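What follows is a single structure, written as structure tokens, with notes after it.
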Amino acid sequence: MSICPKGKTSKARRDKRKAQSWKIPTLSLVPCSKCGMLMQAHRVCRSCGTYNKKEVIKIAE
Ligand SMILES: [Zn+2]
């Protein structure tokens with residue numbers, strides 16, 4: 001048995017959903033927990049090389 005949609009999604013409904021995708025910004029910036037610089041969420045910090053309060057990459061100064 002598999003799920004079965006009860007009603008057909010109208011063209012307007014289907015296209016409205018697709019139309020949303022362009023305006024969603026995937027980039028969410030959060031301040032770093034160590035240096036306070038703005039960094040991408042769920043990414044290693046570019047300025048101090050830290051992720052989850054651990055140094056992951058060495059940054060040459
Ligand atoms: Zn940082």
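Residues are referred to by chain and number: the chain letter is A, B, ... according to the order shown in the structure tokens, the number counts from 1 in that chain, and ligands are numbered separately from 1 in the order shown.
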Worksheet item: Neighbours of range 26-38 of chain A within 12 Å (only C-alpha atoms; same-chain residues fewer than 4 positions away dropped), as an MDAnalysis selection string?
Response: chainID A and resid 21:22 42:55
Worksheet item: Running DSSP on the backbone, which parts of chain A land in helix (DSSP H, G or I), as JSON, numbers by chain?
Response: {"A": [11, 12, 13, 14, 15, 16, 17, 18, 19, 20, 21, 22, 23]}
Discussion item. For the strand (DSSP E or B) assignment from backbone DSSP, which residues of chain A qualify? Please present them as a ChimeraX atom specification.
Written reply: /A:29-31,38-40,50-51,54-55
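Put simply, CA of Cys4 in chain A is 21.5 Å away from CA of Lys16 in chain A.
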Worksheet item: Which value, in Å to one decimal, gives the distance between CA of Gln20 in chain A and CA of Lys8 in chain A?
Response: 19.9 Å
Discussion item. Report, in Å to a single decimal, how far apart CA of Gln40 in chain A and CA of Ile57 in chain A are.
Written reply: 15.5 Å
